[in-house]
Amino acid sequence: MAEIKAFSWKVGGPAGFGIMSTGLIFARIFSRKGYNVVDDKEYPSLIQGGHNVYSVRVSTEKIFSLLASVNILIALDEMTIDLHMNEVKKNGFIVYDSGIFIGRDFNYKKPDVNFLPVPFDRLIEKTGAPKIVKNNVALGVSVALLNYDFNMLKEVITENFKDKGQKIIDFNVSAAKAGFDFIMKEFTGIPKIHIKKNYSKKKLLLTGNDGIFLGALNAGCKFYAAYPMTPSSSILHSFAAAERDFNIVTKHAESEIAVINMAVGASFAGVRSMVATSGGGFALMNEGLAGAAMTETPIVIILCQRPAPATGLPTWTEQGDMLYAVHASHGEFPRVVMAPGDPEESFYMVQIAFNLAEKYQIPVIVMLDKFLSENNFTCTGLTRYKIKINRGKLIFAEEDIDNNEDYLRYKITDDGISPRAITGLRNGVHIANTDEHDEYGFSEESAENRKKMMDKRFIKLNAINKEIISPDLYGPKNADTTIISWGSCKMPILEAMKYLNTDKRIFNFIHFKYLVPFPVKAFKKFMKNVTRSAVIENNKTSQLSRLIMENTGIKINKQLLKYNGRQFLPEEIIKGLEKI
Amino acid sequence: MAEIKAFSWKVGGPAGFGIMSTGLIFARIFSRKGYNVVDDKEYPSLIQGGHNVYSVRVSTEKIFSLLASVNILIALDEMTIDLHMNEVKKNGFIVYDSGIFIGRDFNYKKPDVNFLPVPFDRLIEKTGAPKIVKNNVALGVSVALLNYDFNMLKEVITENFKDKGQKIIDFNVSAAKAGFDFIMKEFTGIPKIHIKKNYSKKKLLLTGNDGIFLGALNAGCKFYAAYPMTPSSSILHSFAAAERDFNIVTKHAESEIAVINMAVGASFAGVRSMVATSGGGFALMNEGLAGAAMTETPIVIILCQRPAPATGLPTWTEQGDMLYAVHASHGEFPRVVMAPGDPEESFYMVQIAFNLAEKYQIPVIVMLDKFLSENNFTCTGLTRYKIKINRGKLIFAEEDIDNNEDYLRYKITDDGISPRAITGLRNGVHIANTDEHDEYGFSEESAENRKKMMDKRFIKLNAINKEIISPDLYGPKNADTTIISWGSCKMPILEAMKYLNTDKRIFNFIHFKYLVPFPVKAFKKFMKNVTRSAVIENNKTSQLSRLIMENTGIKINKQLLKYNGRQFLPEEIIKGLEKI
Amino acid sequence: MISEANNRKRNYNLKPADFNTKKRPTWCVGCGNYGIWNSIKKAFVELKLSPHEILIVFGIGCSGNGNNFIKTYAYHALHGMALPVATGAHLANHLLKVIAMTGDGDGVGIGGNHFIHTCRRNLDITHIMHDNRIYGLTTGQTSPTSNTKFKTKSTPFGVMEQPINPVALALICGATFVARGYSGEPEHLKNIFIKALAHKGFSFIDVLQPCVTFNKIDTYDYYKKLIYKLEDSSEYNSGDFSKALQKSQEMERIPLGIFYQIKKRTYHDGLEQIKDKPLVYQDLSSINIESLMKSFY
Amino acid sequence: MISEANNRKRNYNLKPADFNTKKRPTWCVGCGNYGIWNSIKKAFVELKLSPHEILIVFGIGCSGNGNNFIKTYAYHALHGMALPVATGAHLANHLLKVIAMTGDGDGVGIGGNHFIHTCRRNLDITHIMHDNRIYGLTTGQTSPTSNTKFKTKSTPFGVMEQPINPVALALICGATFVARGYSGEPEHLKNIFIKALAHKGFSFIDVLQPCVTFNKIDTYDYYKKLIYKLEDSSEYNSGDFSKALQKSQEMERIPLGIFYQIKKRTYHDGLEQIKDKPLVYQDLSSINIESLMKSFY
Ligand SMILES: Cc1ncc(C[n+]2csc(CCOP(=O)(O)OP(=O)(O)O)c2C)c(N)n1
Ligand SMILES: Cc1ncc(C[n+]2csc(CCOP(=O)(O)OP(=O)(O)O)c2C)c(N)n1
Ligand code: SF4
Ligand code: SF4
Ligand SMILES: [Mg+2]
Ligand SMILES: [Mg+2]
């Protein structure tokens, strides 16, 4: 078989079978060699049982998303065969455990693919390793089918189990080797896949949550509070593990209500602090969001969306909380809402979020979704120094406060921003007050003061507006159809765009990373050149269309929406746009 | 002095002096005689001290709001004189306690009004009543200055203190009488006000909260849960007092989170249930709102706004939570948001709210604000039978469930509404599930089911849209300027309109009572005839303008906004519109 | 309806399997939730309860997933909110047998405030807490009942706080029936359930439930060594509050059984307005607010 | 900063009035809040604390309005949220003396969950609860500490539930210093405050505080008859947990004083990452995530 530049691989089976770690090891053996890799995890809200799927796509070229079809499917149960068989390309492989399906032949189900029976248990037995390392057989098989280097697999397995000791490593490696050798020996006849060699440098393999975690660390986040909630929990786990190495305090608190108030307390005391949650937890944090706004305490809130309302579909994906984040909580106050489109953007944007939060003493909400939070994407590198820490008018030293004047925490200034003293300064004593207050911070109910303070807080928008980066334009400046989207949909759209531009139609794509303040001018300017446009998003009511209307009056008439808890596939976008 | 059809009266003094009950008695002596009365209360978030003001306007004709000027000002402290003196009309009266301001003469401060020194303490002493009944002197004085019937005052005082025994009644009456006689005797010379006799039937004097309470009772609300929060607390007090007479359970729960979940539990069990709160409490209820939506449990939420964010100005007024209520909570689900404009509308609309909540098994939010919640307005009568109770597809009897089929709580139907069995029916056993679920209610994560259930819930909008009443149009059909507003601003606007229409300009007024679903068609139709328009509302960012944009793309360029915690006065509207 | 007529229609020959839904449990093999599931169904059978007479309000968690596996009226509430939902439902229809089934995180973590306030109300509700000392469904973070030093995904350097003692907390807050059960002793557990469901007032059962997947400390082996039954000692008197409180402090070994039970007026007995019939059966057409309206003249 | 250099700059001659702001208290004449206000200021003076070394996090309520009347760093939190805010601030700057001042509604009503969880953490924070057994600022509804049968605006037929016993609750949940004070005994109260502020770990003081306006039951007269001081009995040993628990159950009379105090590792002592200096003083420019990034290859 000829060398190919890209392939897709999928493993499926019941929960509790270690499918998630198998998939990650597989993805890593390619990202380590500099391939471009994207993955995707599907699992139900159950600990054991149910159907888990891990998909990986690998390419020597830049890729943004999975595609609908796969080259290799590893089926650890029959359900996987039934559900995913039709995704397998012609001449592709379906590897199954012949120890489970004794004497079964599946070829009749789909004659144009190669069903490969592999006796997992027997192979393991021979190596003397325990059964739980079984999935490594699948890894060995896969590497063999791809004509790939077994040593790469060995290296990643070794790395992965390095905390568990040499014995465990050996078991896993020998299981993998058994699978590898089995294919090499038993299936010499079949045409394998030749994945093209890759010569670029090793790549980072990151989820959106990893980007947030690394970015927040780099931004000097010192206090992280959270209450576990899928798909935000991995940020908590990362922070908890890093707390001693990076001098952070991580607190798994009693509820999201405690979380936001602890974080606000820490920020008031003078440190950068952050929280992350999903929709239900964000709902519980709403009052605290308003509290932060009124006391002008900076706070960064990561909102990892999942299908809602209520408990919804905890382990699936949706972009259903946008207008909620935009309008959340009682009363009126300035805020920033942003939505990175990939892990790299997550890394940089969360750092910008900290700067904006502190410069303007406002809450900043960063929106992800399960798709972005939990799936891995390769990136070539992250630059530590790109976003400089800017803590705005935070006062650290007594010398920086004029001793001849009273310290006014809520001093009315031209830009609306008042110098903010950290705790512990002799001359920085002040009240941060959730009541409406005067410049000192004292509760004050007069009409004049209320107006003055509302104006003070809102005048910050003048400067904030200038910081807001206009939407990104992908593709040619002029097109006959403009795709408009936000957040994580960026990735399947960019993948689809590889195939969309034909002789007949030219597409470009406006991607919103900043939602509030809405980049009105920039967007209107873009729209001047637009002849036909369509909003693509992962929800039912097209919240971006509504946001655009609310801010510009521009009505986008065409929408491509998906709200079944799954992210778009590029193929769906291509097909959907055909009709538009 | 000639007879006048209307006058305004105001009493001011420190908190804890019984100013609120004094004002209410004063208002009642006129509403009882069929006058049109409106009042207004201003008080700080303190129990004693601070500045309390109670204003009453009385007219033989329909009135909607206070005006900026007053005829009689009762000053129980000097602050009242200083703050409110300039509101007193030429030849008006400022009554002050000459026992406090011994030997002071205020006339130089404002020579065109009559400063009337009244020796409150001495008058009380003579009657033998205790000092705490002091404010009644002011009532007697006021009635005398108006040439009004002392017996009316006596009657209302008697009624007011009827639970406290005859002795207390006598003390209060004799103090009032002493004030009355003092004016009659000592100030024979000055020109009093002759308020025109009124011959219509006695009127109800209601706050918006009273309207909600009475309406909810009439609608068959059986379970009311709340956590005290100004300006919603009076609804709790009314329900608590009525629970035995009306077979209701009222629960002051541990927090707003408990409140909403208790109410949802009661509704699930099969009764009509309601909650009320203000912005901060609503924030805490957000998650529960989404829970009700996902389980399709009907719920009525009263949101009495106050200036926010956070604790804000607890005892003042604002319309700052509209877009929050419109978009509140994670995920997407149908809802109704409405905002009555006066107590009478509160009474009827809350009944409609219960019907809509139960017919469509959705949450319904009814928005008031402190101005509407706590101020009194007269109305001629409330009709008990106008809104018929309609409980939709609620099943009370086992016979009403087909025994040959499984009972599907979330049955997919043409209109999206599934028959809902109350608890305790043998064949009605089901799960209400905050997880996404199948028709039975079982947790179900498949893509197909998710889409089906989202569509099922949203298809209800077809029918809900038909129920939404288009905005009210006040004034002529064609005008050169159209005022657009919502909720409680209705009242000062209607008052202002009495003076706005001149030879030069013709105004009309579109009043939104329903915000979600937004009455798109009706509004667009209205707007076809509109040449110039202005949105008037009690917030900073003109949320109604944004809501209109979001739903119709129509941009209203002119706004008259007030966000200092106070309601508009008609004069401000008149002046503001001059510039527009 | 749960009326007298209805009671006659009762099916007294129900078996535990009659409380199964068409969904099979999805808990991990060996999970302690199975034991609780079996015991509660047996308790229903012995109490001659039918599915429509029971409402179970579930929390969110592995335990909460049980809403799919037990056939009764059920409400799968938000995380931490089972008790308020149960409270509202009970007050609206107090003829139902209302049970709240929560995890430990659900019950005394995010739901802790509702727990302490529900205890003091003495509502006629039974709260069964599946106490695996871990957050199961979110894959293994600390719970309020996790022991100090326990290493979990959210506490890789060990839990810093003292655990909540659910039995002691319930006692202090006024629960009138307080017990500890163990899912590894299903017969004993069933008997506690029967007594709790028969108790008039708020009954709370802290059920020790091994989580075989994420909690490698509080295992079957661990409990086997430490548990004993209060009723094995003839001295123990569950009517004595201070003794119960003292017993609840025992840490070296783990007493199971009913720590405390007392008769006390229930909340709904104090509500005259529902003496005749539950709210849900009251007639809305007879409401007359005329006289009340008059008071606004 | 609260550094050593700074300590030298300390002004040791502060008087209680130096802790006044320019705002005068607005509490009702006779309100128990005055007594607490006076006692805490005196305690600060005796402990030689300066305003910038202290952070008071207030709740919302009459007590919370005190944020305007005491000169220290202050955060006027949301209703019920004083403890989490105090927790975050303390963990970010543990050199501050952090105090949470809440009402009873704030502390164990809406904030009850934060209370029980804060107790078990043994954070070095002092919680002073102004316990007037009523919701003052919202003009007189029942509070979780109101006695059964109390008639209030929200319970015109009398409170149905058993009150929360804050002292017992704090004990059960793990507070390492638990006391009850009375605003009518300001000297005694001041001494409790001094000891609480000196205590390393979580100290809780339930301060009985008459609300002269809305609570006509728990009045100065009422308390006068019932109170006595624990330290008046030479036997009482505040180091004995079971005794303290037992004492907390006493209802006929009302013991004041320190029920319980024990030495135990504080939360922040367990955090190695802040051994050297508080988070707030850590240098952000030296953060290097390079090696961590490598683990994502
Ligand atoms: C408001 C909110 N926060 C977080 C979650 C995520 N969540 C689901 S279950 C759970 C904890 C489960 O622990 P526990 O209650 O002990 O139940 P178990 O799974 O151990 O039975 C959490 C945090 C949620 N559903 N809602
Ligand atoms: C979320 C929320 N709900 C309700 C309120 C209204 N509120 C203000 S103070 C208070 C209770 C006050 O009682 P307590 O805490 O005992 O303080 P006290 O006034 O008695 O000192 C309430 C319910 C609020 N501010 N926020
Ligand atoms: S994770 Fe633990 S609690 Fe959850 S089902 Fe598995 S064993 Fe049971
Ligand atoms: S209402 Fe009560 S608690 Fe509030 S200030 Fe007055 S006396 Fe004090
Ligand atoms: Mg658990
Ligand atoms: Mg109180």
# chains A, B, ... in the order shown; residues from 1 in each chain; ligands from 1
>>> residues_around(residues="Asp232 (chain C)", least_positions_apart="3", cutoff="12 Å", atoms="only C-alpha atoms", output="PyMOL selection string")
chain C and resi 188+227-229+235-237+255-258
>>> write_last_selection(atoms="all heavy atoms", output="CSV table (one decimal), in the first residue's frame")
chain,number,residue,atom,x,y,z
C,188,HIS,N,-29.2,-6.8,58.0
C,188,HIS,CA,-29.2,-5.8,59.0
C,188,HIS,C,-29.7,-4.4,58.5
C,188,HIS,O,-30.5,-3.7,59.1
C,188,HIS,CB,-27.8,-5.7,59.6
C,188,HIS,CG,-27.6,-4.7,60.7
C,188,HIS,ND1,-27.0,-3.5,60.6
C,188,HIS,CD2,-28.1,-4.8,62.0
C,188,HIS,CE1,-27.0,-2.9,61.8
C,188,HIS,NE2,-27.6,-3.6,62.6
C,227,ILE,N,-16.5,-3.2,62.2
C,227,ILE,CA,-17.9,-3.0,62.5
C,227,ILE,C,-18.4,-3.9,63.6
C,227,ILE,O,-17.9,-5.0,63.9
C,227,ILE,CB,-18.8,-3.2,61.3
C,227,ILE,CG1,-18.6,-4.6,60.7
C,227,ILE,CG2,-18.7,-2.2,60.3
C,227,ILE,CD1,-19.7,-5.1,59.8
C,228,TYR,N,-19.4,-3.5,64.4
C,228,TYR,CA,-20.1,-4.3,65.3
C,228,TYR,C,-21.5,-3.7,65.4
C,228,TYR,O,-21.8,-2.6,65.0
C,228,TYR,CB,-19.4,-4.4,66.6
C,228,TYR,CG,-19.5,-3.2,67.5
C,228,TYR,CD1,-20.5,-3.0,68.5
C,228,TYR,CD2,-18.6,-2.1,67.3
C,228,TYR,CE1,-20.6,-1.8,69.2
C,228,TYR,CE2,-18.7,-0.9,68.0
C,228,TYR,CZ,-19.7,-0.8,69.0
C,228,TYR,OH,-19.7,0.3,69.7
C,229,LYS,N,-22.4,-4.5,66.0
C,229,LYS,CA,-23.8,-4.0,66.0
C,229,LYS,C,-24.2,-3.5,67.4
C,229,LYS,O,-24.0,-4.2,68.4
C,229,LYS,CB,-24.7,-5.1,65.5
C,229,LYS,CG,-24.5,-5.3,64.1
C,229,LYS,CD,-25.2,-6.5,63.5
C,229,LYS,CE,-24.7,-6.8,62.1
C,229,LYS,NZ,-24.8,-8.2,61.8
C,235,GLU,N,-27.1,-3.6,76.7
C,235,GLU,CA,-27.2,-2.4,77.5
C,235,GLU,C,-27.7,-1.2,76.6
C,235,GLU,O,-28.3,-0.2,77.1
C,235,GLU,CB,-25.8,-2.0,78.0
C,235,GLU,CG,-25.3,-2.7,79.1
C,235,GLU,CD,-23.8,-2.7,79.1
C,235,GLU,OE1,-23.2,-1.6,79.2
C,235,GLU,OE2,-23.2,-3.8,79.0
C,236,TYR,N,-27.4,-1.2,75.3
C,236,TYR,CA,-27.6,0.0,74.5
C,236,TYR,C,-29.0,0.4,74.4
C,236,TYR,O,-29.9,-0.4,74.1
C,236,TYR,CB,-27.0,-0.1,73.1
C,236,TYR,CG,-26.9,1.3,72.5
C,236,TYR,CD1,-25.9,2.2,72.9
C,236,TYR,CD2,-27.9,1.7,71.6
C,236,TYR,CE1,-25.9,3.4,72.3
C,236,TYR,CE2,-27.9,2.9,71.0
C,236,TYR,CZ,-26.9,3.8,71.4
C,236,TYR,OH,-26.8,5.1,70.9
C,237,ASN,N,-29.3,1.6,74.8
C,237,ASN,CA,-30.7,2.1,74.8
C,237,ASN,C,-30.8,3.3,73.8
C,237,ASN,O,-30.3,4.3,74.1
C,237,ASN,CB,-31.0,2.5,76.2
C,237,ASN,CG,-32.3,3.4,76.3
C,237,ASN,OD1,-33.0,3.5,75.3
C,237,ASN,ND2,-32.5,4.0,77.5
C,255,PRO,N,-19.7,1.3,65.3
C,255,PRO,CA,-21.0,0.7,65.7
C,255,PRO,C,-22.0,0.9,64.5
C,255,PRO,O,-22.1,1.9,63.9
C,255,PRO,CB,-21.4,1.5,66.9
C,255,PRO,CG,-20.5,2.6,67.0
C,255,PRO,CD,-19.4,2.5,66.0
C,256,LEU,N,-22.8,-0.2,64.3
C,256,LEU,CA,-23.9,-0.1,63.3
C,256,LEU,C,-25.2,-0.3,64.1
C,256,LEU,O,-25.2,-0.9,65.2
C,256,LEU,CB,-23.8,-1.3,62.3
C,256,LEU,CG,-22.6,-1.4,61.4
C,256,LEU,CD1,-22.7,-2.7,60.5
C,256,LEU,CD2,-22.4,-0.2,60.6
C,257,GLY,N,-26.3,0.2,63.5
C,257,GLY,CA,-27.6,0.1,64.2
C,257,GLY,C,-28.2,1.4,64.4
C,257,GLY,O,-27.8,2.4,63.9
C,258,ILE,N,-29.3,1.3,65.2
C,258,ILE,CA,-30.0,2.6,65.5
C,258,ILE,C,-29.4,3.2,66.7
C,258,ILE,O,-29.5,2.7,67.8
C,258,ILE,CB,-31.5,2.2,65.8
C,258,ILE,CG1,-32.1,1.6,64.5
C,258,ILE,CG2,-32.3,3.5,66.1
C,258,ILE,CD1,-33.4,0.9,64.7
>>> residues_around(residues="Tyr499 (chain A)", least_positions_apart="5", cutoff="12 Å", atoms="only C-alpha atoms", output="list in words")
Leu67, Pro492, Ile493, Leu494, Arg505, Ile506, Phe507, Pro570, Glu571, Glu572, Ile573, Ile574, Lys575, Leu577 and Glu578 of chain A
>>> closest_atom_pairs(of="chain A", to="ligand 2", cutoff="12 Å", atoms="only C-alpha atoms and all ligand atoms", output="Markdown table")
| residue | atom | partner | partner_atom_place_in_ligand_line | distance |
| --- | --- | --- | --- | --- |
| A:Ile257 | CA | ligand 2 | 1 (C) | 11.3 |
| A:Leu284 | CA | ligand 2 | 1 (C) | 11.4 |
| A:Met285 | CA | ligand 2 | 1 (C) | 11.9 |
| A:Asn286 | CA | ligand 2 | 1 (C) | 10.9 |
| A:Glu287 | CA | ligand 2 | 1 (C) | 7.6 |
| A:Gly288 | CA | ligand 2 | 1 (C) | 10.0 |
| A:Ala290 | CA | ligand 2 | 1 (C) | 11.3 |
| A:Gly291 | CA | ligand 2 | 1 (C) | 10.8 |
| A:His330 | CA | ligand 2 | 1 (C) | 11.2 |
| A:Thr434 | CA | ligand 2 | 25 (N) | 9.7 |
| A:Asp435 | CA | ligand 2 | 25 (N) | 9.4 |
>>> write_last_selection(atoms="all heavy atoms", output="compact mmCIF listing (two decimals), in the first residue's frame")
# COMPACT_ATOMS: atom_id res chain seq x y z
N ILE A 257 -20.71 27.63 45.46
CA ILE A 257 -20.95 28.91 46.13
C ILE A 257 -19.76 29.25 47.00
O ILE A 257 -19.27 30.38 47.01
CB ILE A 257 -22.25 28.82 46.96
CG1 ILE A 257 -23.42 28.61 46.02
CG2 ILE A 257 -22.43 30.05 47.82
CD1 ILE A 257 -24.75 28.53 46.72
N LEU A 284 -24.75 28.38 40.31
CA LEU A 284 -24.59 28.59 41.75
C LEU A 284 -23.61 29.72 42.05
O LEU A 284 -23.66 30.34 43.11
CB LEU A 284 -24.13 27.30 42.43
CG LEU A 284 -25.18 26.19 42.46
CD1 LEU A 284 -24.58 24.89 42.99
CD2 LEU A 284 -26.38 26.59 43.31
N MET A 285 -22.72 29.98 41.14
CA MET A 285 -21.74 31.05 41.33
C MET A 285 -22.27 32.44 40.97
O MET A 285 -21.60 33.44 41.20
CB MET A 285 -20.50 30.79 40.46
CG MET A 285 -19.64 29.65 40.91
SD MET A 285 -18.21 29.54 39.83
CE MET A 285 -17.43 28.05 40.49
N ASN A 286 -23.43 32.48 40.36
CA ASN A 286 -23.92 33.76 39.85
C ASN A 286 -23.94 34.87 40.88
O ASN A 286 -23.52 35.99 40.62
CB ASN A 286 -25.35 33.61 39.29
CG ASN A 286 -25.37 33.35 37.80
OD1 ASN A 286 -26.23 33.83 37.11
ND2 ASN A 286 -24.41 32.59 37.30
N GLU A 287 -24.44 34.57 42.06
CA GLU A 287 -24.52 35.63 43.06
C GLU A 287 -23.11 36.14 43.38
O GLU A 287 -22.89 37.35 43.50
CB GLU A 287 -25.22 35.16 44.33
CG GLU A 287 -25.74 36.33 45.15
CD GLU A 287 -25.91 35.99 46.63
OE1 GLU A 287 -25.46 34.91 47.06
OE2 GLU A 287 -26.47 36.81 47.35
N GLY A 288 -22.17 35.22 43.49
CA GLY A 288 -20.80 35.61 43.78
C GLY A 288 -20.17 36.43 42.67
O GLY A 288 -19.35 37.32 42.91
N ALA A 290 -21.78 38.59 40.86
CA ALA A 290 -22.26 39.95 41.09
C ALA A 290 -21.53 40.57 42.28
O ALA A 290 -21.25 41.77 42.29
CB ALA A 290 -23.76 39.93 41.33
N GLY A 291 -21.22 39.75 43.26
CA GLY A 291 -20.47 40.25 44.43
C GLY A 291 -19.10 40.75 44.02
O GLY A 291 -18.65 41.83 44.44
N HIS A 330 -27.58 39.51 38.68
CA HIS A 330 -28.49 40.63 38.84
C HIS A 330 -27.74 41.96 38.77
O HIS A 330 -26.60 42.08 39.20
CB HIS A 330 -29.26 40.50 40.15
CG HIS A 330 -28.42 40.30 41.37
ND1 HIS A 330 -27.46 39.31 41.49
CD2 HIS A 330 -28.37 40.97 42.53
CE1 HIS A 330 -26.89 39.39 42.67
NE2 HIS A 330 -27.42 40.38 43.31
N THR A 434 -20.24 44.98 49.21
CA THR A 434 -21.25 44.54 48.24
C THR A 434 -22.47 45.45 48.25
O THR A 434 -23.30 45.38 47.34
CB THR A 434 -21.73 43.09 48.49
OG1 THR A 434 -22.36 43.02 49.77
CG2 THR A 434 -20.58 42.10 48.43
N ASP A 435 -22.63 46.26 49.29
CA ASP A 435 -23.60 47.35 49.25
C ASP A 435 -23.09 48.40 48.28
O ASP A 435 -21.88 48.55 48.11
CB ASP A 435 -23.67 48.06 50.62
CG ASP A 435 -24.64 47.42 51.59
OD1 ASP A 435 -25.51 46.66 51.16
OD2 ASP A 435 -24.52 47.71 52.80
>>> interface_residues(of="chain A", to="chain D", cutoff="8 Å", atoms="only C-alpha atoms", output="VMD selection string")
chain A and resid 28 31 to 32 202 to 206 214 217 to 220 222 to 223 243 to 249 254 258 to 259 261 to 271 288 291 384 396 to 398 423 to 435 442 to 443
>>> write_last_selection(atoms="C-alpha atoms", output="CSV table (one decimal), in the first residue's frame")
chain,number,residue,atom,x,y,z
A,28,ARG,CA,1.3,10.4,22.2
A,31,SER,CA,2.7,13.7,18.8
A,32,ARG,CA,6.1,12.8,20.1
A,202,LYS,CA,7.9,16.7,18.8
A,203,LYS,CA,4.6,18.4,19.6
A,204,LEU,CA,2.7,19.2,22.7
A,205,LEU,CA,-0.5,17.3,23.1
A,206,LEU,CA,-2.9,19.4,25.0
A,214,LEU,CA,-0.8,26.0,32.1
A,217,LEU,CA,0.0,29.0,36.2
A,218,ASN,CA,2.1,31.1,33.9
A,219,ALA,CA,-0.1,34.1,34.7
A,220,GLY,CA,0.7,33.8,38.3
A,222,LYS,CA,-2.0,31.6,43.2
A,223,PHE,CA,-5.4,30.5,44.4
A,243,GLU,CA,0.2,23.2,44.3
A,244,ARG,CA,3.4,22.4,46.1
A,245,ASP,CA,5.7,22.7,43.1
A,246,PHE,CA,4.2,26.1,42.1
A,247,ASN,CA,3.3,27.6,45.4
A,248,ILE,CA,-0.4,27.6,44.9
A,249,VAL,CA,-3.2,26.9,47.2
A,254,GLU,CA,-17.9,22.4,49.8
A,258,ALA,CA,-18.1,28.5,48.5
A,259,VAL,CA,-15.7,28.3,45.6
A,261,ASN,CA,-16.6,33.4,47.4
A,262,MET,CA,-13.2,31.9,48.5
A,263,ALA,CA,-11.7,33.0,45.2
A,264,VAL,CA,-13.0,36.5,45.7
A,265,GLY,CA,-11.7,36.6,49.2
A,266,ALA,CA,-8.2,35.5,48.0
A,267,SER,CA,-8.3,38.1,45.2
A,268,PHE,CA,-9.3,40.8,47.7
A,269,ALA,CA,-6.4,39.8,49.8
A,270,GLY,CA,-4.2,40.4,46.8
A,271,VAL,CA,-3.5,37.3,44.8
A,288,GLY,CA,-20.8,35.6,43.8
A,291,GLY,CA,-20.5,40.3,44.4
A,384,ARG,CA,5.9,31.7,28.2
A,396,PHE,CA,1.8,46.5,47.0
A,397,ALA,CA,3.8,48.9,49.0
A,398,GLU,CA,2.8,51.6,51.5
A,423,THR,CA,-4.3,43.6,52.4
A,424,GLY,CA,-1.8,44.4,55.2
A,425,LEU,CA,-0.8,47.9,54.2
A,426,ARG,CA,-0.9,50.4,57.0
A,427,ASN,CA,-2.3,53.1,54.9
A,428,GLY,CA,-4.4,50.9,52.7
A,429,VAL,CA,-7.1,50.0,55.1
A,430,HIS,CA,-10.5,50.0,53.4
A,431,ILE,CA,-13.8,48.3,53.0
A,432,ALA,CA,-14.8,46.3,49.9
A,433,ASN,CA,-18.5,46.5,50.0
A,434,THR,CA,-21.3,44.5,48.2
A,435,ASP,CA,-23.6,47.3,49.2
A,442,PHE,CA,-18.8,53.0,53.1
A,443,SER,CA,-22.4,52.0,52.4
>>> interface_residues(of="chain D", to="chain C", cutoff="8 Å", atoms="only C-alpha atoms", output="PyMOL selection string")
chain D and resi 109-113+116+120-122+160-165+168-169+172-174+242+246+267+270
